[in-house]
>>> print(open('protein-v3.cif').read())   # mmCIF, C-alpha atoms
data_structure
#
loop_
_atom_site.label_atom_id
_atom_site.label_comp_id
_atom_site.auth_asym_id
_atom_site.auth_seq_id
_atom_site.Cartn_x
_atom_site.Cartn_y
_atom_site.Cartn_z
CA MET A 1 -11.68 -15.36 -64.24
CA GLU A 2 -12.38 -15.50 -60.49
CA GLU A 3 -16.10 -15.01 -61.00
CA ILE A 4 -16.22 -17.78 -63.61
CA LEU A 5 -14.33 -20.13 -61.30
CA ARG A 6 -16.82 -19.36 -58.50
CA LEU A 7 -19.72 -20.22 -60.81
CA ILE A 8 -18.01 -23.50 -61.80
CA GLU A 9 -17.47 -24.36 -58.13
CA LYS A 10 -21.16 -23.71 -57.46
CA GLY A 11 -22.06 -26.01 -60.35
CA ASP A 12 -23.80 -23.23 -62.28
CA ILE A 13 -22.23 -24.10 -65.63
CA PRO A 14 -24.84 -22.38 -67.87
CA GLN A 15 -24.29 -19.12 -66.00
CA ALA A 16 -20.52 -19.59 -66.26
CA PHE A 17 -20.75 -19.90 -70.05
CA LYS A 18 -23.06 -16.89 -70.17
CA LYS A 19 -20.53 -14.88 -68.18
CA ALA A 20 -17.70 -16.05 -70.45
CA GLU A 21 -19.60 -14.88 -73.53
CA SER A 22 -19.90 -11.41 -72.00
CA TYR A 23 -16.12 -10.87 -72.16
CA PRO A 24 -14.55 -9.32 -75.24
CA TYR A 25 -12.85 -11.38 -77.93
CA PRO A 26 -10.48 -13.25 -77.56
CA GLU A 27 -10.76 -13.43 -73.74
CA ASN A 28 -14.13 -15.13 -74.10
CA ILE A 29 -12.36 -18.04 -75.87
CA LEU A 30 -9.99 -18.52 -72.92
CA TYR A 31 -12.81 -18.43 -70.37
CA LYS A 32 -14.90 -20.95 -72.30
CA ALA A 33 -11.82 -23.21 -72.51
CA VAL A 34 -11.41 -23.01 -68.73
CA ILE A 35 -15.05 -24.01 -68.23
CA HIS A 36 -14.62 -26.98 -70.55
CA PHE A 37 -11.46 -27.99 -68.66
CA HIS A 38 -13.16 -27.91 -65.27
CA THR A 39 -16.16 -29.87 -66.57
CA GLY A 40 -13.99 -32.64 -68.04
CA ASN A 41 -14.15 -31.78 -71.73
CA ASN A 42 -10.41 -31.64 -72.35
CA ILE A 43 -10.71 -32.09 -76.11
CA LYS A 44 -12.75 -28.92 -76.51
CA ALA A 45 -10.67 -27.09 -73.90
CA LYS A 46 -7.45 -27.95 -75.76
CA GLU A 47 -8.91 -26.80 -79.06
CA LEU A 48 -9.97 -23.43 -77.63
CA LEU A 49 -6.72 -22.90 -75.72
CA LYS A 50 -4.61 -23.45 -78.82
CA LYS A 51 -6.85 -21.05 -80.72
CA TYR A 52 -6.49 -18.45 -77.97
CA ILE A 53 -2.68 -18.79 -77.84
CA ASN A 54 -2.50 -18.11 -81.57
CA LEU A 55 -4.30 -14.84 -80.89
CA ASP A 56 -2.59 -13.86 -77.62
CA LYS A 57 0.77 -15.35 -76.71
CA ASN A 58 1.22 -13.41 -73.46
CA ASN A 59 -1.42 -14.77 -71.10
CA PRO A 60 0.13 -17.31 -68.68
CA GLU A 61 -3.25 -18.84 -67.82
CA SER A 62 -3.66 -20.26 -71.30
CA TYR A 63 -0.29 -22.03 -71.11
CA TYR A 64 -1.04 -23.21 -67.57
CA TYR A 65 -4.34 -24.81 -68.50
CA LEU A 66 -2.94 -26.38 -71.66
CA GLY A 67 -0.03 -27.79 -69.65
CA SER A 68 -2.50 -29.13 -67.07
CA ILE A 69 -4.42 -30.94 -69.80
CA TYR A 70 -1.25 -32.63 -71.02
CA LEU A 71 -0.51 -33.67 -67.43
CA GLU A 72 -3.93 -35.29 -67.19
CA GLU A 73 -3.30 -37.04 -70.50
CA GLY A 74 -0.01 -38.47 -69.23
CA ASN A 75 2.17 -36.44 -71.56
CA PRO A 76 4.74 -34.77 -69.27
CA GLU A 77 7.00 -33.67 -72.14
CA LYS A 78 4.31 -31.43 -73.63
CA ALA A 79 3.18 -30.42 -70.15
CA VAL A 80 6.70 -29.13 -69.39
CA LYS A 81 6.74 -27.18 -72.66
CA TYR A 82 3.58 -25.22 -71.85
CA LEU A 83 4.07 -24.92 -68.10
CA LYS A 84 7.54 -23.44 -68.66
CA LYS A 85 5.81 -20.81 -70.79
CA ALA A 86 3.36 -20.18 -67.95
CA VAL A 87 6.10 -19.56 -65.36
CA GLU A 88 8.00 -17.32 -67.81
CA LYS A 89 4.95 -15.09 -68.16
CA GLY A 90 3.51 -15.33 -64.65
CA LYS A 91 4.95 -16.23 -61.25
CA LYS A 92 2.01 -18.02 -59.63
CA ALA A 93 2.72 -20.80 -57.14
CA GLU A 94 0.31 -23.14 -58.93
CA TYR A 95 2.28 -22.80 -62.17
CA PHE A 96 5.52 -23.86 -60.47
CA ASN A 97 3.77 -26.67 -58.62
CA ASP A 98 2.38 -28.19 -61.80
CA LEU A 99 5.68 -27.71 -63.64
CA GLY A 100 7.36 -29.57 -60.79
CA TYR A 101 4.88 -32.40 -61.15
CA ALA A 102 5.55 -32.57 -64.90
CA TYR A 103 9.30 -32.86 -64.22
CA PHE A 104 8.57 -35.52 -61.60
CA LEU A 105 6.60 -37.57 -64.13
CA LYS A 106 9.47 -37.16 -66.59
CA GLY A 107 11.76 -38.79 -64.02
CA ASP A 108 13.61 -35.65 -62.92
CA PRO A 109 12.90 -35.26 -59.18
CA GLU A 110 15.71 -32.70 -58.71
CA LYS A 111 14.12 -30.22 -61.12
CA ALA A 112 10.76 -31.05 -59.58
CA ILE A 113 12.02 -30.11 -56.10
CA LYS A 114 13.32 -26.77 -57.39
CA CYS A 115 9.90 -25.97 -58.83
CA TYR A 116 8.04 -27.03 -55.67
CA THR A 117 10.42 -24.93 -53.57
CA LYS A 118 9.71 -21.93 -55.78
CA ALA A 119 5.98 -22.53 -55.41
CA ILE A 120 6.37 -22.62 -51.62
CA GLU A 121 8.41 -19.38 -51.65
CA ILE A 122 5.55 -17.68 -53.49
CA LYS A 123 2.78 -19.30 -51.45
CA PRO A 124 4.05 -20.77 -48.14
CA ASP A 125 0.64 -22.27 -47.28
CA LEU A 126 0.29 -24.32 -50.49
CA ALA A 127 -0.10 -27.77 -48.93
CA VAL A 128 0.04 -29.68 -52.22
CA ALA A 129 3.49 -28.24 -53.00
CA TYR A 130 4.89 -29.65 -49.75
CA TYR A 131 3.19 -32.98 -50.49
CA ASN A 132 4.60 -33.12 -54.00
CA ARG A 133 8.04 -32.15 -52.73
CA GLY A 134 7.76 -35.01 -50.26
CA LEU A 135 7.05 -37.41 -53.14
CA ALA A 136 10.13 -36.13 -54.97
CA PHE A 137 12.38 -36.50 -51.91
CA LYS A 138 11.04 -40.05 -51.46
CA LYS A 139 11.89 -40.79 -55.09
CA MET A 140 15.45 -39.62 -54.40
CA GLY A 141 15.70 -41.76 -51.27
CA ASP A 142 15.81 -38.80 -48.88
CA TYR A 143 13.21 -40.17 -46.49
CA ASP A 144 13.81 -37.69 -43.66
CA GLU A 145 13.07 -34.75 -45.96
CA ALA A 146 10.06 -36.61 -47.33
CA VAL A 147 8.68 -37.00 -43.80
CA LYS A 148 9.21 -33.29 -43.06
CA ASN A 149 7.35 -32.26 -46.19
CA TYR A 150 4.47 -34.68 -45.72
CA ASN A 151 4.03 -33.50 -42.13
CA ARG A 152 4.00 -29.87 -43.26
CA ALA A 153 1.38 -30.70 -45.89
CA ILE A 154 -0.73 -32.41 -43.22
CA ALA A 155 -0.41 -29.42 -40.90
CA LEU A 156 -1.77 -27.19 -43.68
CA ASN A 157 -4.43 -29.61 -44.89
CA PRO A 158 -5.21 -32.38 -42.40
CA GLU A 159 -8.16 -33.72 -44.41
CA ASP A 160 -6.32 -35.22 -47.38
CA PRO A 161 -5.97 -38.99 -46.84
CA ASP A 162 -3.21 -39.36 -49.46
CA TYR A 163 -0.89 -37.23 -47.33
CA TYR A 164 -1.14 -39.74 -44.46
CA TYR A 165 -0.99 -42.69 -46.86
CA ASN A 166 2.30 -41.58 -48.42
CA LEU A 167 3.73 -40.64 -45.04
CA GLY A 168 2.91 -44.19 -43.96
CA ILE A 169 4.81 -45.58 -46.95
CA VAL A 170 7.94 -43.68 -45.92
CA TYR A 171 7.65 -44.70 -42.26
CA ARG A 172 7.43 -48.34 -43.38
CA ILE A 173 10.56 -47.93 -45.51
CA LYS A 174 12.33 -46.38 -42.51
CA GLY A 175 11.24 -49.33 -40.35
CA ASP A 176 9.04 -47.23 -38.06
CA LEU A 177 6.14 -49.65 -38.35
CA GLN A 178 3.89 -48.32 -35.59
CA LYS A 179 3.97 -44.82 -37.08
CA ALA A 180 3.15 -46.36 -40.46
CA VAL A 181 0.15 -48.12 -38.90
CA ASN A 182 -1.05 -44.85 -37.38
CA CYS A 183 -0.78 -43.06 -40.73
CA TYR A 184 -2.68 -45.71 -42.67
CA LYS A 185 -5.39 -45.81 -40.00
CA LYS A 186 -5.78 -42.04 -40.30
CA ALA A 187 -6.05 -42.28 -44.09
CA ILE A 188 -8.74 -44.96 -43.66
CA GLU A 189 -10.58 -42.82 -41.12
CA ILE A 190 -10.84 -40.03 -43.70
CA ASN A 191 -11.58 -42.33 -46.64
CA PRO A 192 -12.66 -45.85 -45.67
CA GLU A 193 -13.34 -46.86 -49.29
CA ASN A 194 -9.79 -47.01 -50.66
CA GLU A 195 -8.46 -50.54 -51.10
CA ASN A 196 -4.83 -49.36 -51.27
CA TYR A 197 -4.99 -47.94 -47.75
CA TYR A 198 -6.14 -51.28 -46.33
CA ASN A 199 -3.63 -53.19 -48.44
CA ASN A 200 -0.70 -51.14 -47.18
CA LEU A 201 -1.91 -51.36 -43.60
CA GLY A 202 -2.01 -55.13 -44.12
CA ASN A 203 1.57 -55.02 -45.40
CA VAL A 204 2.74 -53.35 -42.20
CA TYR A 205 0.93 -55.88 -40.03
CA TYR A 206 2.55 -58.58 -42.17
CA ASP A 207 5.96 -57.03 -41.47
CA MET A 208 5.08 -57.08 -37.77
CA LYS A 209 4.14 -60.78 -38.16
CA ASP A 210 0.61 -60.00 -37.02
CA TYR A 211 -0.84 -62.21 -39.74
CA LYS A 212 -4.37 -62.19 -38.35
CA LYS A 213 -4.64 -58.41 -38.65
CA ALA A 214 -2.92 -58.53 -42.03
CA VAL A 215 -5.57 -60.97 -43.29
CA GLU A 216 -8.35 -58.71 -41.99
CA CYS A 217 -6.90 -55.78 -43.94
CA TYR A 218 -6.39 -57.69 -47.19
CA LYS A 219 -9.91 -59.11 -46.96
CA LYS A 220 -11.28 -55.60 -46.52
CA ALA A 221 -9.26 -54.42 -49.53
CA VAL A 222 -10.74 -57.08 -51.82
CA GLU A 223 -14.19 -56.49 -50.35
CA ILE A 224 -13.94 -52.87 -51.48
CA ASN A 225 -12.55 -53.89 -54.87
CA PRO A 226 -12.99 -57.57 -55.78
CA LEU A 227 -10.72 -57.03 -58.82
CA PHE A 228 -7.81 -55.79 -56.68
CA PHE A 229 -5.01 -58.17 -57.68
CA LEU A 230 -2.51 -57.16 -54.97
CA GLY A 231 -5.07 -57.73 -52.24
CA TRP A 232 -5.70 -61.31 -53.33
CA GLN A 233 -1.99 -62.00 -53.87
CA ASN A 234 -1.06 -60.64 -50.44
CA LEU A 235 -3.90 -62.58 -48.87
CA GLY A 236 -2.61 -65.75 -50.49
CA ASN A 237 0.95 -65.15 -49.31
CA THR A 238 -0.22 -64.46 -45.76
CA TYR A 239 -2.30 -67.63 -45.63
CA LEU A 240 0.76 -69.47 -46.99
CA ASP A 241 2.89 -68.18 -44.12
CA MET A 242 0.13 -69.08 -41.64
CA GLY A 243 0.07 -72.65 -42.96
CA ASP A 244 -3.55 -72.33 -44.15
CA TYR A 245 -2.81 -73.81 -47.56
CA GLU A 246 -6.39 -74.35 -48.73
CA LYS A 247 -7.21 -70.67 -48.25
CA ALA A 248 -3.90 -69.71 -49.82
CA VAL A 249 -4.75 -71.65 -52.98
CA LYS A 250 -8.20 -70.05 -53.18
CA ALA A 251 -6.72 -66.56 -52.82
CA PHE A 252 -4.04 -67.21 -55.47
CA LYS A 253 -6.70 -68.51 -57.87
CA LYS A 254 -8.69 -65.31 -57.35
CA ALA A 255 -5.56 -63.27 -58.09
CA LEU A 256 -4.83 -65.31 -61.23
CA LYS A 257 -8.34 -64.70 -62.57
CA ILE A 258 -7.42 -61.00 -62.53
CA ASP A 259 -3.84 -61.37 -63.81
CA LYS A 260 -3.25 -64.63 -65.66
CA ARG A 261 0.39 -63.65 -66.28
CA SER A 262 1.52 -63.48 -62.66
CA ALA A 263 4.41 -65.94 -62.48
CA GLU A 264 4.86 -65.21 -58.76
CA CYS A 265 1.28 -66.26 -58.01
CA TYR A 266 1.71 -69.54 -59.86
CA MET A 267 4.96 -70.21 -58.01
CA ASP A 268 3.50 -69.49 -54.58
CA MET A 269 0.31 -71.39 -55.36
CA GLY A 270 2.52 -74.34 -56.32
CA ILE A 271 4.11 -74.26 -52.87
CA ALA A 272 0.68 -74.32 -51.20
CA LEU A 273 -0.47 -77.18 -53.45
CA LYS A 274 2.70 -79.13 -52.63
CA GLU A 275 2.02 -78.72 -48.91
CA LEU A 276 -1.49 -80.09 -49.49
CA GLY A 277 -0.03 -83.15 -51.25
CA ARG A 278 -1.54 -82.10 -54.58
CA TYR A 279 1.73 -82.79 -56.34
CA ASP A 280 0.60 -82.92 -59.96
CA GLU A 281 -1.18 -79.57 -59.63
CA ALA A 282 1.87 -78.10 -57.91
CA LEU A 283 4.17 -79.23 -60.73
CA LYS A 284 1.86 -77.65 -63.29
CA ALA A 285 1.89 -74.40 -61.31
CA TYR A 286 5.71 -74.34 -61.17
CA GLU A 287 5.93 -75.03 -64.89
CA LYS A 288 3.43 -72.27 -65.65
CA ALA A 289 5.46 -69.81 -63.57
CA GLU A 290 8.63 -70.74 -65.44
CA GLN A 291 6.84 -70.52 -68.78
CA ILE A 292 5.65 -66.98 -68.03
CA ASN A 293 8.96 -65.84 -66.58
CA PRO A 294 12.01 -67.88 -67.61
CA ASP A 295 14.08 -66.00 -65.02
CA LEU A 296 12.30 -68.11 -62.41
CA LYS A 297 13.68 -71.37 -63.79
CA ALA A 298 16.16 -71.89 -60.94
CA LEU A 299 13.46 -71.35 -58.32
CA SER A 300 11.06 -73.57 -60.22
CA LEU A 301 13.63 -76.38 -60.28
CA TYR A 302 14.34 -75.87 -56.59
CA ASN A 303 10.65 -76.05 -55.68
CA LYS A 304 10.25 -79.17 -57.82
CA ALA A 305 13.16 -80.69 -55.90
CA CYS A 306 11.38 -79.97 -52.63
CA LEU A 307 8.25 -81.58 -54.02
CA TYR A 308 10.02 -84.79 -55.02
CA ALA A 309 11.80 -84.86 -51.67
CA SER A 310 8.37 -84.67 -49.98
CA LYS A 311 7.27 -87.63 -52.12
CA GLY A 312 10.38 -89.57 -51.03
CA ASP A 313 12.09 -89.51 -54.42
CA LYS A 314 15.50 -88.31 -53.20
CA GLU A 315 17.31 -89.19 -56.42
CA LYS A 316 15.01 -87.01 -58.52
CA ALA A 317 15.16 -84.26 -55.90
CA LEU A 318 18.96 -84.23 -55.89
CA LYS A 319 19.14 -84.09 -59.68
CA LEU A 320 16.79 -81.07 -59.78
CA LEU A 321 18.69 -79.38 -56.96
CA LYS A 322 22.00 -79.63 -58.80
CA GLU A 323 20.41 -78.15 -61.88
CA SER A 324 18.93 -75.26 -59.86
CA PHE A 325 22.28 -74.59 -58.13
CA SER A 326 24.04 -74.43 -61.51
CA ILE A 327 21.72 -71.56 -62.48
CA ASP A 328 21.58 -69.82 -59.10
CA PRO A 329 24.36 -70.83 -56.64
CA SER A 330 22.78 -68.66 -53.88
CA LEU A 331 20.09 -71.32 -53.48
CA LYS A 332 22.69 -73.63 -51.89
CA ASP A 333 22.71 -71.66 -48.64
CA TYR A 334 18.93 -71.60 -48.51
CA ALA A 335 18.74 -75.34 -49.10
CA LYS A 336 20.90 -76.08 -46.04
CA THR A 337 18.09 -74.95 -43.70
CA ASP A 338 15.12 -76.08 -45.79
CA PRO A 339 13.25 -78.81 -43.85
CA ASP A 340 12.01 -80.34 -47.12
CA LEU A 341 15.61 -81.12 -48.07
CA LYS A 342 16.83 -82.57 -44.77
CA GLY A 343 19.07 -85.54 -45.45
CA ILE A 344 19.55 -84.58 -49.10
CA VAL A 345 21.76 -81.45 -48.90
#
>>> encode(input="protein-v3.cif", output="structure tokens")
Amino acid sequence: MEEILRLIEKGDIPQAFKKAESYPYPENILYKAVIHFHTGNNIKAKELLKKYINLDKNNPESYYYLGSIYLEEGNPEKAVKYLKKAVEKGKKAEYFNDLGYAYFLKGDPEKAIKCYTKAIEIKPDLAVAYYNRGLAFKKMGDYDEAVKNYNRAIALNPEDPDYYYNLGIVYRIKGDLQKAVNCYKKAIEINPENENYYNNLGNVYYDMKDYKKAVECYKKAVEINPLFFLGWQNLGNTYLDMGDYEKAVKAFKKALKIDKRSAECYMDMGIALKELGRYDEALKAYEKAEQINPDLKALSLYNKACLYASKGDKEKALKLLKESFSIDPSLKDYAKTDPDLKGIV
């Protein structure tokens, strides 16, 4: 197997198949399946693995590779079934790591952590097991343990940008914004072509109220991927907070071309349009948001009230406010400090 894996890594696939054919039956079936797996032909790999398992039910590698295919296909239930077989028949760290990931995808982070811990006991320098355990601790809300595991993964493999990226996510949750910035910058240094890294760095700058830097990051994100919805939405929201309503509207329209069902974008675009005095367009945006997501009715009514107040129609504004308060009483407190509603509430 090791020789075949070396040939695959070198890219010498014809020689790998030739080597696989040289093994006795049924081992040659397993080795050909592994080659197909590593070259992206999961359909053929799955077919051969199932055939091999019918002939030899004791080789953990066959179960491991079949479980890995089901992981790639997004089927964690079947992945668990075969990976459990792999760890029953062989105690390799990689088997436990992938079984942990299958449990994680099934929504069971506690079982996932047990598997990752077992993988680490077998192979203490397996960086990906620490990383995956960090993801599971984050899922459980244990951010300190997540940080410890991400840092250990980075110490073992400092060239994986996702390790820094996910560490940055946890630091942001913990409120340690400068450390989050440093992590995202490191991820970008390693891979400057990932829009998510720039987007999350922009989110931290937004939290820090450094809107100029946030805009730079969001613009870079959508430059990398012009179809990146979150980048356009975040750009629109940042321009909205900066008072640059024209640019906010343009960004929201870009976002809505990508996701026409984003009620939040319509709602926020309506606010920007209202500030520009484009009242009819704003009303249409609020109504569209409410149509897409009826749960936003109270907020839609409230924003319409603000719009009519801006137009000087206090009677209409008050009527809409009362209706919004009847649906969501918490809006009353917000209205008391809203400058649009001064003299009405």
>>> atom_distance(input="protein-v3.cif", atom1="atom CA of A:Glu27", atom2="atom CA of A:Ser68")
19.0 Å
>>> residues_near_point(input="protein-v3.cif", point="(-0.2, -24.6, -49.2)", cutoff="12 Å", atoms="only C-alpha atoms", output="short mmCIF file (atom, residue, chain, number, x, y, z; two decimals) with C-alpha atoms, in the frame of the given file")
data_model
loop_
_atom_site.label_atom_id
_atom_site.label_comp_id
_atom_site.auth_asym_id
_atom_site.auth_seq_id
_atom_site.Cartn_x
_atom_site.Cartn_y
_atom_site.Cartn_z
CA ALA A 93 2.72 -20.80 -57.14
CA GLU A 94 0.31 -23.14 -58.93
CA ASN A 97 3.77 -26.67 -58.62
CA TYR A 116 8.04 -27.03 -55.67
CA THR A 117 10.42 -24.93 -53.57
CA ALA A 119 5.98 -22.53 -55.41
CA ILE A 120 6.37 -22.62 -51.62
CA GLU A 121 8.41 -19.38 -51.65
CA ILE A 122 5.55 -17.68 -53.49
CA LYS A 123 2.78 -19.30 -51.45
CA PRO A 124 4.05 -20.77 -48.14
CA ASP A 125 0.64 -22.27 -47.28
CA LEU A 126 0.29 -24.32 -50.49
CA ALA A 127 -0.10 -27.77 -48.93
CA VAL A 128 0.04 -29.68 -52.22
CA ALA A 129 3.49 -28.24 -53.00
CA TYR A 130 4.89 -29.65 -49.75
CA TYR A 131 3.19 -32.98 -50.49
CA ASN A 132 4.60 -33.12 -54.00
CA ARG A 133 8.04 -32.15 -52.73
CA ASN A 149 7.35 -32.26 -46.19
CA TYR A 150 4.47 -34.68 -45.72
CA ARG A 152 4.00 -29.87 -43.26
CA ALA A 153 1.38 -30.70 -45.89
CA ILE A 154 -0.73 -32.41 -43.22
CA ALA A 155 -0.41 -29.42 -40.90
CA LEU A 156 -1.77 -27.19 -43.68
CA ASN A 157 -4.43 -29.61 -44.89
CA PRO A 158 -5.21 -32.38 -42.40
#
>>> residues_around(input="protein-v3.cif", residues="stretch 319-329 of chain A", least_positions_apart="4", cutoff="9 Å", atoms="all atoms listed in the file", output="VMD selection string")
chain A and resid 297 to 306 314 to 315 333 335 345
>>> residues_around(input="protein-v3.cif", residues="A:Ala112", least_positions_apart="4", cutoff="6 Å", atoms="only C-alpha atoms", output="PDB file with C-alpha atoms, in the coordinates of the input")
ATOM      1  CA  GLY A 100       7.360 -29.570 -60.790  1.00  0.00           C
ATOM      2  CA  TYR A 103       9.300 -32.860 -64.220  1.00  0.00           C
ATOM      3  CA  PHE A 104       8.570 -35.520 -61.600  1.00  0.00           C
TER       4      PHE A 104
END
>>> resolve_selection(input="protein-v3.cif", expression="the PyMOL selection byres ((chain A and resi 56-59) around 10)", output="ChimeraX atom specification")
/A:26-27,30,50-55,60-64,85-86,88-90
>>> closest_residue(input="protein-v3.cif", among="A:Glu290, A:Asp142, A:Asp340, A:Asp295", to="A:Ser310", atoms="all atoms listed in the file")
A:Asp340
>>> residues_around(input="protein-v3.cif", residues="stretch 210-227 of chain A", least_positions_apart="4", cutoff="9 Å", atoms="all atoms listed in the file", output="PDB file with C-alpha atoms, keeping the file's coordinate frame")
ATOM      1  CA  GLU A 193     -13.340 -46.860 -49.290  1.00  0.00           C
ATOM      2  CA  ASN A 194      -9.790 -47.010 -50.660  1.00  0.00           C
ATOM      3  CA  GLU A 195      -8.460 -50.540 -51.100  1.00  0.00           C
ATOM      4  CA  ASN A 196      -4.830 -49.360 -51.270  1.00  0.00           C
ATOM      5  CA  TYR A 197      -4.990 -47.940 -47.750  1.00  0.00           C
ATOM      6  CA  TYR A 198      -6.140 -51.280 -46.330  1.00  0.00           C
ATOM      7  CA  ASN A 199      -3.630 -53.190 -48.440  1.00  0.00           C
ATOM      8  CA  ASN A 200      -0.700 -51.140 -47.180  1.00  0.00           C
ATOM      9  CA  LEU A 201      -1.910 -51.360 -43.600  1.00  0.00           C
ATOM     10  CA  GLY A 202      -2.010 -55.130 -44.120  1.00  0.00           C
ATOM     11  CA  ASN A 203       1.570 -55.020 -45.400  1.00  0.00           C
ATOM     12  CA  VAL A 204       2.740 -53.350 -42.200  1.00  0.00           C
ATOM     13  CA  TYR A 205       0.930 -55.880 -40.030  1.00  0.00           C
ATOM     14  CA  TYR A 206       2.550 -58.580 -42.170  1.00  0.00           C
ATOM     15  CA  GLY A 231      -5.070 -57.730 -52.240  1.00  0.00           C
ATOM     16  CA  TRP A 232      -5.700 -61.310 -53.330  1.00  0.00           C
ATOM     17  CA  ASN A 234      -1.060 -60.640 -50.440  1.00  0.00           C
ATOM     18  CA  LEU A 235      -3.900 -62.580 -48.870  1.00  0.00           C
ATOM     19  CA  THR A 238      -0.220 -64.460 -45.760  1.00  0.00           C
ATOM     20  CA  TYR A 239      -2.300 -67.630 -45.630  1.00  0.00           C
ATOM     21  CA  ASP A 241       2.890 -68.180 -44.120  1.00  0.00           C
ATOM     22  CA  MET A 242       0.130 -69.080 -41.640  1.00  0.00           C
ATOM     23  CA  LYS A 254      -8.690 -65.310 -57.350  1.00  0.00           C
ATOM     24  CA  ALA A 255      -5.560 -63.270 -58.090  1.00  0.00           C
ATOM     25  CA  LYS A 257      -8.340 -64.700 -62.570  1.00  0.00           C
ATOM     26  CA  ILE A 258      -7.420 -61.000 -62.530  1.00  0.00           C
TER      27      ILE A 258
END
>>> atom_distance(input="protein-v3.cif", atom1="atom CA of A:Asp207", atom2="atom CA of A:Gly175")
9.4 Å
>>> resolve_selection(input="protein-v3.cif", expression="the PyMOL selection byres ((chain A and resi 43) around 12)", output="number ranges by chain")
A: 33-34, 36-42, 44-50, 66, 69-70, 72-73
>>> resolve_selection(input="protein-v3.cif", expression="the PyMOL selection byres ((chain A and resi 274) around 12)", output="MDAnalysis selection string")
chainID A and resid 240 243 245:246 248:249 267:273 275:286 303:311 340
>>> closest_residue(input="protein-v3.cif", among="A:Lys18, A:Lys92, A:Lys148, A:Lys342", to="A:Cys115", atoms="all atoms listed in the file")
A:Lys92
>>> atom_distance(input="protein-v3.cif", atom1="atom CA of A:Tyr266", atom2="atom CA of A:Ala317")
20.3 Å
>>> residues_around(input="protein-v3.cif", residues="A:Pro161", least_positions_apart="3", cutoff="7 Å", atoms="only C-alpha atoms", output="JSON, numbers by chain")
{"A": [164, 165, 187, 190, 191]}
>>> closest_residue(input="protein-v3.cif", among="A:Leu71, A:Ile169, A:Cys183, A:Leu177", to="A:Lys138", atoms="all atoms listed in the file")
A:Ile169
>>> build_atoms(input="protein-v3.cif", residues="stretch 12-23 of chain A", atoms="N, CA and C atoms", output="PDB file, in the coordinates of the input")
ATOM      1  N   ASP A  12     -22.924 -23.994 -61.384  1.00  0.00           N
ATOM      2  CA  ASP A  12     -23.800 -23.230 -62.280  1.00  0.00           C
ATOM      3  C   ASP A  12     -23.083 -23.042 -63.616  1.00  0.00           C
ATOM      4  N   ILE A  13     -22.995 -24.116 -64.384  1.00  0.00           N
ATOM      5  CA  ILE A  13     -22.230 -24.100 -65.630  1.00  0.00           C
ATOM      6  C   ILE A  13     -22.885 -23.214 -66.698  1.00  0.00           C
ATOM      7  N   PRO A  14     -24.224 -23.278 -66.873  1.00  0.00           N
ATOM      8  CA  PRO A  14     -24.840 -22.380 -67.870  1.00  0.00           C
ATOM      9  C   PRO A  14     -24.536 -20.908 -67.602  1.00  0.00           C
ATOM     10  N   GLN A  15     -24.577 -20.515 -66.339  1.00  0.00           N
ATOM     11  CA  GLN A  15     -24.290 -19.120 -66.000  1.00  0.00           C
ATOM     12  C   GLN A  15     -22.808 -18.800 -66.226  1.00  0.00           C
ATOM     13  N   ALA A  16     -21.944 -19.792 -66.010  1.00  0.00           N
ATOM     14  CA  ALA A  16     -20.520 -19.590 -66.260  1.00  0.00           C
ATOM     15  C   ALA A  16     -20.268 -19.334 -67.737  1.00  0.00           C
ATOM     16  N   PHE A  17     -20.906 -20.125 -68.611  1.00  0.00           N
ATOM     17  CA  PHE A  17     -20.750 -19.900 -70.050  1.00  0.00           C
ATOM     18  C   PHE A  17     -21.326 -18.548 -70.463  1.00  0.00           C
ATOM     19  N   LYS A  18     -22.448 -18.192 -69.857  1.00  0.00           N
ATOM     20  CA  LYS A  18     -23.060 -16.890 -70.170  1.00  0.00           C
ATOM     21  C   LYS A  18     -22.111 -15.752 -69.782  1.00  0.00           C
ATOM     22  N   LYS A  19     -21.486 -15.898 -68.624  1.00  0.00           N
ATOM     23  CA  LYS A  19     -20.530 -14.880 -68.180  1.00  0.00           C
ATOM     24  C   LYS A  19     -19.325 -14.836 -69.114  1.00  0.00           C
ATOM     25  N   ALA A  20     -18.846 -15.999 -69.541  1.00  0.00           N
ATOM     26  CA  ALA A  20     -17.700 -16.050 -70.450  1.00  0.00           C
ATOM     27  C   ALA A  20     -18.004 -15.333 -71.751  1.00  0.00           C
ATOM     28  N   GLU A  21     -19.214 -15.529 -72.271  1.00  0.00           N
ATOM     29  CA  GLU A  21     -19.600 -14.880 -73.530  1.00  0.00           C
ATOM     30  C   GLU A  21     -19.628 -13.365 -73.413  1.00  0.00           C
ATOM     31  N   SER A  22     -19.790 -12.867 -72.179  1.00  0.00           N
ATOM     32  CA  SER A  22     -19.900 -11.410 -72.000  1.00  0.00           C
ATOM     33  C   SER A  22     -18.546 -10.705 -72.108  1.00  0.00           C
ATOM     34  N   TYR A  23     -17.454 -11.481 -72.060  1.00  0.00           N
ATOM     35  CA  TYR A  23     -16.120 -10.870 -72.160  1.00  0.00           C
ATOM     36  C   TYR A  23     -15.780 -10.606 -73.619  1.00  0.00           C
TER      37      TYR A  23
END
